[in-house]
Amino acid sequence: MTFIDMLNQIGATIVTTFHDVLPIAAILFGFQFAVIRKPLPNIGRVLMGFLWVLVGLSLFLIGLEWALFPLGRLMAQQLTDPGFLASVNNIEVLPDTVRELVWTDYYWVYLFAFFIGFATTIAEPSLIAVAIKANEVSGGAIGIWGLRLSVALGVAIGISLGCYRIVVGDPIHWYIMAGYVVVVLQTLVAPKLIIPLAYDSGGVTTSTVTVPLVAALGLGLAETVPGRNPIIDGFGLIAFASLFPIMSVMAYAQISQWISTRDKKSQQTS
């Protein structure tokens, strides 16, 4: 890509982002001046904030296109390359002796999916914000790192399971249906304090950092695993990343409640 091409892409992205942000600004300012009918405080600061939103979104979208999407797809292609799989699984590489690959041969894919899901979720700004607010509102009863780690663990397990589904080619609806059955059962026994937060935790994971890499990983995996269709099999990892944190957060609360109850009983008996 030449320097001129880069400038053209940056300019086109800024224009597109401006068109996307314009309706939001129109609604906000429209309600402020036409419905509320009051002047907007700090109008200069608000306009400067919209300008920074425009710049930030444009740079973020360019970063996705130039870095995160290609990296996610490249890692999936490298981890599913026949030569790599042959070397790590001690498979003969001669065409007439290569055995058919099975799901266990892709264990590096599952490990990569687990770690990248965990790392991106820990770095997710929306999750950090929700964890801080939950800690403040609960008076410290909900730990910031406890919530972040439990959500990240759920995303990691969900993405790994989603990659397994792509490798074996199972229908996605069976996994999602089974997952929500578990969620409903957990909801019946989980502490009431954590249930709304657990459901919200599934949504905050599908945000700026996690989605691009997860989507690219799923598409790259579906394009390189033999017999998989990118349209049918490449999408769906984000659903796993949204579902499993609900389970992990409620499980975290249930374990914390059990430990607290056990400690109280031990103190009473001692």
# chains A, B, ... in the order shown; residues from 1 in each chain; ligands from 1
>>> select_by_dssp(residues="stretch 34-179 of chain A", states="alpha helix (DSSP H)", output="number ranges by chain")
A: 43-63, 69-79, 82-88, 107-122, 125-137, 144-168, 172-179
>>> residues_around(residues="stretch 123-128 of chain A", least_positions_apart="6", cutoff="8 Å", atoms="only C-alpha atoms", output="list of chain:residue names")
A:Ile144, A:Arg148, A:Ser201, A:Val204, A:Thr205, A:Ser207, A:Thr208, A:Val209, A:Thr210
>>> write_last_selection(atoms="C-alpha atoms", output="short mmCIF file (atom, residue, chain, number, x, y, z; two decimals), in the first residue's frame")
data_model
loop_
_atom_site.label_atom_id
_atom_site.label_comp_id
_atom_site.auth_asym_id
_atom_site.auth_seq_id
_atom_site.Cartn_x
_atom_site.Cartn_y
_atom_site.Cartn_z
CA ILE A 144 -13.35 -5.36 40.42
CA ARG A 148 -13.06 -9.03 35.37
CA SER A 201 -21.47 -8.99 31.51
CA VAL A 204 -19.84 -5.78 27.55
CA THR A 205 -17.52 -8.47 26.22
CA SER A 207 -17.01 -4.54 22.33
CA THR A 208 -14.08 -2.73 20.78
CA VAL A 209 -11.14 -5.03 21.58
CA THR A 210 -12.68 -8.50 21.65
#
>>> closest_atom_pairs(of="stretch 173-269 of chain A", to="stretch 70-74 of chain A", cutoff="6 Å", atoms="only C-alpha atoms", output="JSON lines")
{"residue": "A:Leu213", "atom": "CA", "partner": "A:Gly72", "partner_atom": "CA", "distance": 5.2}
{"residue": "A:Ala216", "atom": "CA", "partner": "A:Gly72", "partner_atom": "CA", "distance": 4.9}
{"residue": "A:Leu217", "atom": "CA", "partner": "A:Gly72", "partner_atom": "CA", "distance": 4.8}
{"residue": "A:Gly220", "atom": "CA", "partner": "A:Arg73", "partner_atom": "CA", "distance": 4.4}
>>> residues_around(residues="A:Val249", least_positions_apart="5", cutoff="12 Å", atoms="only C-alpha atoms", output="ChimeraX atom specification")
/A:131,142-143,145-155,183,186-187,190-191,193-202,242-244,254-256
>>> write_last_selection(atoms="N, CA and C atoms", output="mmCIF file, in the first residue's frame")
data_model
loop_
_atom_site.group_PDB
_atom_site.id
_atom_site.type_symbol
_atom_site.label_atom_id
_atom_site.label_comp_id
_atom_site.auth_asym_id
_atom_site.auth_seq_id
_atom_site.Cartn_x
_atom_site.Cartn_y
_atom_site.Cartn_z
ATOM 1 N N ALA A 131 -17.109 -2.990 35.810
ATOM 2 C CA ALA A 131 -16.590 -3.560 37.053
ATOM 3 C C ALA A 131 -16.399 -2.486 38.113
ATOM 4 N N ILE A 142 -18.862 -6.603 45.323
ATOM 5 C CA ILE A 142 -18.442 -7.177 44.053
ATOM 6 C C ILE A 142 -17.051 -6.645 43.739
ATOM 7 N N GLY A 143 -16.065 -7.519 43.753
ATOM 8 C CA GLY A 143 -14.691 -7.105 43.510
ATOM 9 C C GLY A 143 -14.449 -6.777 42.046
ATOM 10 N N TRP A 145 -11.544 -6.973 40.305
ATOM 11 C CA TRP A 145 -10.762 -8.010 39.633
ATOM 12 C C TRP A 145 -11.480 -9.351 39.623
ATOM 13 N N GLY A 146 -12.277 -9.599 40.640
ATOM 14 C CA GLY A 146 -13.047 -10.838 40.630
ATOM 15 C C GLY A 146 -14.008 -10.892 39.459
ATOM 16 N N LEU A 147 -14.699 -9.774 39.204
ATOM 17 C CA LEU A 147 -15.628 -9.714 38.076
ATOM 18 C C LEU A 147 -14.887 -9.785 36.753
ATOM 19 N N ARG A 148 -13.805 -9.032 36.628
ATOM 20 C CA ARG A 148 -13.057 -9.025 35.368
ATOM 21 C C ARG A 148 -12.491 -10.406 35.049
ATOM 22 N N LEU A 149 -11.938 -11.074 36.052
ATOM 23 C CA LEU A 149 -11.349 -12.392 35.809
ATOM 24 C C LEU A 149 -12.414 -13.434 35.489
ATOM 25 N N SER A 150 -13.554 -13.361 36.162
ATOM 26 C CA SER A 150 -14.612 -14.340 35.890
ATOM 27 C C SER A 150 -15.190 -14.147 34.492
ATOM 28 N N VAL A 151 -15.367 -12.898 34.076
ATOM 29 C CA VAL A 151 -15.853 -12.639 32.715
ATOM 30 C C VAL A 151 -14.831 -13.097 31.693
ATOM 31 N N ALA A 152 -13.556 -12.778 31.929
ATOM 32 C CA ALA A 152 -12.507 -13.170 30.991
ATOM 33 C C ALA A 152 -12.405 -14.692 30.870
ATOM 34 N N LEU A 153 -12.564 -15.392 31.991
ATOM 35 C CA LEU A 153 -12.523 -16.858 31.949
ATOM 36 C C LEU A 153 -13.697 -17.401 31.144
ATOM 37 N N GLY A 154 -14.870 -16.808 31.313
ATOM 38 C CA GLY A 154 -16.020 -17.251 30.533
ATOM 39 C C GLY A 154 -15.827 -17.035 29.050
ATOM 40 N N VAL A 155 -15.290 -15.873 28.666
ATOM 41 C CA VAL A 155 -15.036 -15.603 27.250
ATOM 42 C C VAL A 155 -14.013 -16.588 26.702
ATOM 43 N N VAL A 183 -27.784 -21.461 31.782
ATOM 44 C CA VAL A 183 -27.964 -20.106 32.313
ATOM 45 C C VAL A 183 -29.275 -20.004 33.098
ATOM 46 N N GLN A 186 -28.887 -21.824 36.366
ATOM 47 C CA GLN A 186 -28.063 -21.045 37.290
ATOM 48 C C GLN A 186 -28.842 -19.863 37.868
ATOM 49 N N THR A 187 -29.675 -19.239 37.034
ATOM 50 C CA THR A 187 -30.446 -18.082 37.478
ATOM 51 C C THR A 187 -31.353 -18.444 38.650
ATOM 52 N N ALA A 190 -28.604 -18.791 41.708
ATOM 53 C CA ALA A 190 -27.543 -17.805 41.923
ATOM 54 C C ALA A 190 -28.022 -16.694 42.845
ATOM 55 N N PRO A 191 -27.096 -16.014 43.532
ATOM 56 C CA PRO A 191 -27.484 -14.870 44.374
ATOM 57 C C PRO A 191 -28.177 -13.792 43.539
ATOM 58 N N LEU A 193 -28.273 -10.697 43.796
ATOM 59 C CA LEU A 193 -27.470 -9.503 43.567
ATOM 60 C C LEU A 193 -26.703 -9.558 42.260
ATOM 61 N N ILE A 194 -26.286 -10.751 41.860
ATOM 62 C CA ILE A 194 -25.368 -10.870 40.742
ATOM 63 C C ILE A 194 -26.067 -11.135 39.408
ATOM 64 N N ILE A 195 -27.324 -11.552 39.439
ATOM 65 C CA ILE A 195 -27.992 -11.999 38.211
ATOM 66 C C ILE A 195 -28.061 -10.907 37.141
ATOM 67 N N PRO A 196 -28.556 -9.699 37.442
ATOM 68 C CA PRO A 196 -28.587 -8.670 36.388
ATOM 69 C C PRO A 196 -27.190 -8.331 35.861
ATOM 70 N N LEU A 197 -26.206 -8.256 36.772
ATOM 71 C CA LEU A 197 -24.843 -7.951 36.363
ATOM 72 C C LEU A 197 -24.266 -9.058 35.484
ATOM 73 N N ALA A 198 -24.612 -10.306 35.795
ATOM 74 C CA ALA A 198 -24.134 -11.422 34.986
ATOM 75 C C ALA A 198 -24.669 -11.333 33.562
ATOM 76 N N TYR A 199 -25.938 -10.998 33.424
ATOM 77 C CA TYR A 199 -26.521 -10.871 32.082
ATOM 78 C C TYR A 199 -25.894 -9.697 31.320
ATOM 79 N N ASP A 200 -25.614 -8.610 32.027
ATOM 80 C CA ASP A 200 -24.961 -7.472 31.379
ATOM 81 C C ASP A 200 -23.522 -7.799 31.000
ATOM 82 N N SER A 201 -22.872 -8.659 31.770
ATOM 83 C CA SER A 201 -21.474 -8.988 31.506
ATOM 84 C C SER A 201 -21.302 -9.665 30.154
ATOM 85 N N GLY A 202 -22.322 -10.370 29.700
ATOM 86 C CA GLY A 202 -22.244 -10.976 28.380
ATOM 87 C C GLY A 202 -22.220 -9.948 27.272
ATOM 88 N N SER A 242 -20.447 -14.041 24.266
ATOM 89 C CA SER A 242 -21.497 -13.345 25.022
ATOM 90 C C SER A 242 -22.204 -14.262 26.008
ATOM 91 N N LEU A 243 -22.310 -15.541 25.664
ATOM 92 C CA LEU A 243 -23.079 -16.476 26.477
ATOM 93 C C LEU A 243 -22.312 -16.967 27.698
ATOM 94 N N PHE A 244 -21.079 -17.381 27.503
ATOM 95 C CA PHE A 244 -20.361 -18.048 28.583
ATOM 96 C C PHE A 244 -19.970 -17.135 29.738
ATOM 97 N N GLN A 254 -21.749 -17.759 42.977
ATOM 98 C CA GLN A 254 -22.156 -18.944 43.736
ATOM 99 C C GLN A 254 -20.997 -19.501 44.561
ATOM 100 N N ILE A 255 -19.805 -19.519 43.967
ATOM 101 C CA ILE A 255 -18.625 -20.006 44.694
ATOM 102 C C ILE A 255 -18.298 -19.075 45.855
ATOM 103 N N SER A 256 -18.374 -17.757 45.606
ATOM 104 C CA SER A 256 -18.102 -16.787 46.666
ATOM 105 C C SER A 256 -19.102 -16.933 47.807
#
>>> atom_distance(atom1="atom CA of A:Gln77", atom2="atom CA of A:His173")
25.5 Å
>>> residues_around(residues="stretch 258-262 of chain A", least_positions_apart="4", cutoff="12 Å", atoms="only C-alpha atoms", output="count of residues only")
12
>>> residues_around(residues="A:Gly56", least_positions_apart="3", cutoff="12 Å", atoms="only C-alpha atoms", output="JSON, numbers by chain")
{"A": [13, 14, 17, 18, 21, 49, 50, 51, 52, 53, 59, 60, 61, 62, 63, 208]}
>>> closest_residue(among="A:Ser248, A:Thr224, A:Thr104, A:Asn229", to="A:Leu79", atoms="only C-alpha atoms")
A:Thr224
>>> decode(residues="stretch 175-191 of chain A", atoms="all heavy atoms", output="JSON list (two decimals), in the first residue's frame")
[["chain", "number", "residue", "atom", "x", "y", "z"],
["A", 175, "TYR", "N", -25.31, -25.91, 20.72],
["A", 175, "TYR", "CA", -24.46, -25.33, 21.76],
["A", 175, "TYR", "C", -25.15, -24.16, 22.45],
["A", 175, "TYR", "O", -25.11, -24.05, 23.68],
["A", 175, "TYR", "CB", -23.14, -24.86, 21.14],
["A", 175, "TYR", "CG", -22.24, -25.97, 20.66],
["A", 175, "TYR", "CD1", -22.42, -26.57, 19.42],
["A", 175, "TYR", "CD2", -21.18, -26.42, 21.45],
["A", 175, "TYR", "CE1", -21.58, -27.58, 18.99],
["A", 175, "TYR", "CE2", -20.34, -27.43, 21.03],
["A", 175, "TYR", "CZ", -20.54, -28.02, 19.79],
["A", 175, "TYR", "OH", -19.71, -29.03, 19.37],
["A", 176, "ILE", "N", -25.76, -23.28, 21.65],
["A", 176, "ILE", "CA", -26.40, -22.10, 22.23],
["A", 176, "ILE", "C", -27.60, -22.50, 23.08],
["A", 176, "ILE", "O", -27.82, -21.97, 24.18],
["A", 176, "ILE", "CB", -26.83, -21.13, 21.12],
["A", 176, "ILE", "CG1", -25.61, -20.69, 20.29],
["A", 176, "ILE", "CG2", -27.52, -19.92, 21.71],
["A", 176, "ILE", "CD1", -24.53, -20.01, 21.10],
["A", 177, "MET", "N", -28.41, -23.46, 22.58],
["A", 177, "MET", "CA", -29.57, -23.92, 23.35],
["A", 177, "MET", "C", -29.13, -24.54, 24.67],
["A", 177, "MET", "O", -29.70, -24.25, 25.73],
["A", 177, "MET", "CB", -30.38, -24.92, 22.52],
["A", 177, "MET", "CG", -31.12, -24.29, 21.35],
["A", 177, "MET", "SD", -31.74, -25.52, 20.16],
["A", 177, "MET", "CE", -32.81, -26.50, 21.22],
["A", 178, "ALA", "N", -28.12, -25.40, 24.62],
["A", 178, "ALA", "CA", -27.63, -26.04, 25.85],
["A", 178, "ALA", "C", -27.07, -24.99, 26.81],
["A", 178, "ALA", "O", -27.28, -25.08, 28.03],
["A", 178, "ALA", "CB", -26.55, -27.07, 25.50],
["A", 179, "GLY", "N", -26.37, -24.00, 26.27],
["A", 179, "GLY", "CA", -25.81, -22.95, 27.11],
["A", 179, "GLY", "C", -26.88, -22.17, 27.84],
["A", 179, "GLY", "O", -26.75, -21.89, 29.05],
["A", 180, "TYR", "N", -27.94, -21.81, 27.15],
["A", 180, "TYR", "CA", -29.00, -21.03, 27.80],
["A", 180, "TYR", "C", -29.81, -21.86, 28.78],
["A", 180, "TYR", "O", -30.37, -21.31, 29.74],
["A", 180, "TYR", "CB", -29.90, -20.38, 26.76],
["A", 180, "TYR", "CG", -29.34, -19.06, 26.26],
["A", 180, "TYR", "CD1", -28.82, -18.94, 24.98],
["A", 180, "TYR", "CD2", -29.31, -17.96, 27.09],
["A", 180, "TYR", "CE1", -28.29, -17.74, 24.53],
["A", 180, "TYR", "CE2", -28.79, -16.75, 26.66],
["A", 180, "TYR", "CZ", -28.27, -16.65, 25.38],
["A", 180, "TYR", "OH", -27.73, -15.46, 24.95],
["A", 181, "VAL", "N", -29.88, -23.16, 28.57],
["A", 181, "VAL", "CA", -30.50, -24.02, 29.58],
["A", 181, "VAL", "C", -29.70, -23.95, 30.88],
["A", 181, "VAL", "O", -30.26, -23.83, 31.98],
["A", 181, "VAL", "CB", -30.60, -25.48, 29.07],
["A", 181, "VAL", "CG1", -30.95, -26.42, 30.21],
["A", 181, "VAL", "CG2", -31.63, -25.59, 27.96],
["A", 182, "VAL", "N", -28.37, -24.01, 30.76],
["A", 182, "VAL", "CA", -27.52, -23.88, 31.94],
["A", 182, "VAL", "C", -27.70, -22.52, 32.60],
["A", 182, "VAL", "O", -27.77, -22.41, 33.83],
["A", 182, "VAL", "CB", -26.04, -24.11, 31.56],
["A", 182, "VAL", "CG1", -25.12, -23.84, 32.74],
["A", 182, "VAL", "CG2", -25.83, -25.52, 31.04],
["A", 183, "VAL", "N", -27.78, -21.46, 31.78],
["A", 183, "VAL", "CA", -27.96, -20.11, 32.31],
["A", 183, "VAL", "C", -29.27, -20.00, 33.10],
["A", 183, "VAL", "O", -29.31, -19.43, 34.20],
["A", 183, "VAL", "CB", -27.93, -19.07, 31.17],
["A", 183, "VAL", "CG1", -28.43, -17.71, 31.67],
["A", 183, "VAL", "CG2", -26.53, -18.95, 30.61],
["A", 184, "VAL", "N", -30.35, -20.56, 32.56],
["A", 184, "VAL", "CA", -31.64, -20.52, 33.25],
["A", 184, "VAL", "C", -31.57, -21.27, 34.57],
["A", 184, "VAL", "O", -32.07, -20.79, 35.61],
["A", 184, "VAL", "CB", -32.75, -21.08, 32.35],
["A", 184, "VAL", "CG1", -34.05, -21.25, 33.12],
["A", 184, "VAL", "CG2", -32.98, -20.18, 31.14],
["A", 185, "LEU", "N", -30.94, -22.43, 34.57],
["A", 185, "LEU", "CA", -30.82, -23.20, 35.80],
["A", 185, "LEU", "C", -29.97, -22.46, 36.83],
["A", 185, "LEU", "O", -30.28, -22.46, 38.03],
["A", 185, "LEU", "CB", -30.22, -24.58, 35.50],
["A", 185, "LEU", "CG", -31.09, -25.52, 34.66],
["A", 185, "LEU", "CD1", -30.34, -26.81, 34.35],
["A", 185, "LEU", "CD2", -32.41, -25.82, 35.37],
["A", 186, "GLN", "N", -28.89, -21.82, 36.37],
["A", 186, "GLN", "CA", -28.06, -21.04, 37.29],
["A", 186, "GLN", "C", -28.84, -19.86, 37.87],
["A", 186, "GLN", "O", -28.68, -19.51, 39.04],
["A", 186, "GLN", "CB", -26.82, -20.53, 36.57],
["A", 186, "GLN", "CG", -25.70, -21.55, 36.42],
["A", 186, "GLN", "CD", -24.46, -20.91, 35.82],
["A", 186, "GLN", "OE1", -24.46, -20.50, 34.67],
["A", 186, "GLN", "NE2", -23.40, -20.81, 36.60],
["A", 187, "THR", "N", -29.68, -19.24, 37.03],
["A", 187, "THR", "CA", -30.45, -18.08, 37.48],
["A", 187, "THR", "C", -31.35, -18.44, 38.65],
["A", 187, "THR", "O", -31.61, -17.61, 39.53],
["A", 187, "THR", "CB", -31.28, -17.52, 36.31],
["A", 187, "THR", "OG1", -30.42, -17.20, 35.22],
["A", 187, "THR", "CG2", -32.05, -16.29, 36.72],
["A", 188, "LEU", "N", -31.83, -19.68, 38.69],
["A", 188, "LEU", "CA", -32.74, -20.11, 39.75],
["A", 188, "LEU", "C", -32.04, -20.21, 41.10],
["A", 188, "LEU", "O", -32.69, -20.08, 42.15],
["A", 188, "LEU", "CB", -33.37, -21.45, 39.39],
["A", 188, "LEU", "CG", -34.24, -21.49, 38.12],
["A", 188, "LEU", "CD1", -34.71, -22.90, 37.84],
["A", 188, "LEU", "CD2", -35.44, -20.54, 38.27],
["A", 189, "VAL", "N", -30.73, -20.44, 41.10],
["A", 189, "VAL", "CA", -30.02, -20.69, 42.36],
["A", 189, "VAL", "C", -28.94, -19.65, 42.66],
["A", 189, "VAL", "O", -28.40, -19.64, 43.76],
["A", 189, "VAL", "CB", -29.38, -22.10, 42.34],
["A", 189, "VAL", "CG1", -30.45, -23.17, 42.27],
["A", 189, "VAL", "CG2", -28.40, -22.25, 41.18],
["A", 190, "ALA", "N", -28.60, -18.79, 41.71],
["A", 190, "ALA", "CA", -27.54, -17.81, 41.92],
["A", 190, "ALA", "C", -28.02, -16.69, 42.84],
["A", 190, "ALA", "O", -29.23, -16.43, 42.95],
["A", 190, "ALA", "CB", -27.09, -17.23, 40.58],
["A", 191, "PRO", "N", -27.10, -16.01, 43.53],
["A", 191, "PRO", "CA", -27.48, -14.87, 44.37],
["A", 191, "PRO", "C", -28.18, -13.79, 43.54],
["A", 191, "PRO", "O", -27.72, -13.45, 42.44],
["A", 191, "PRO", "CB", -26.13, -14.37, 44.92],
["A", 191, "PRO", "CG", -25.23, -15.56, 44.85],
["A", 191, "PRO", "CD", -25.66, -16.34, 43.65]]
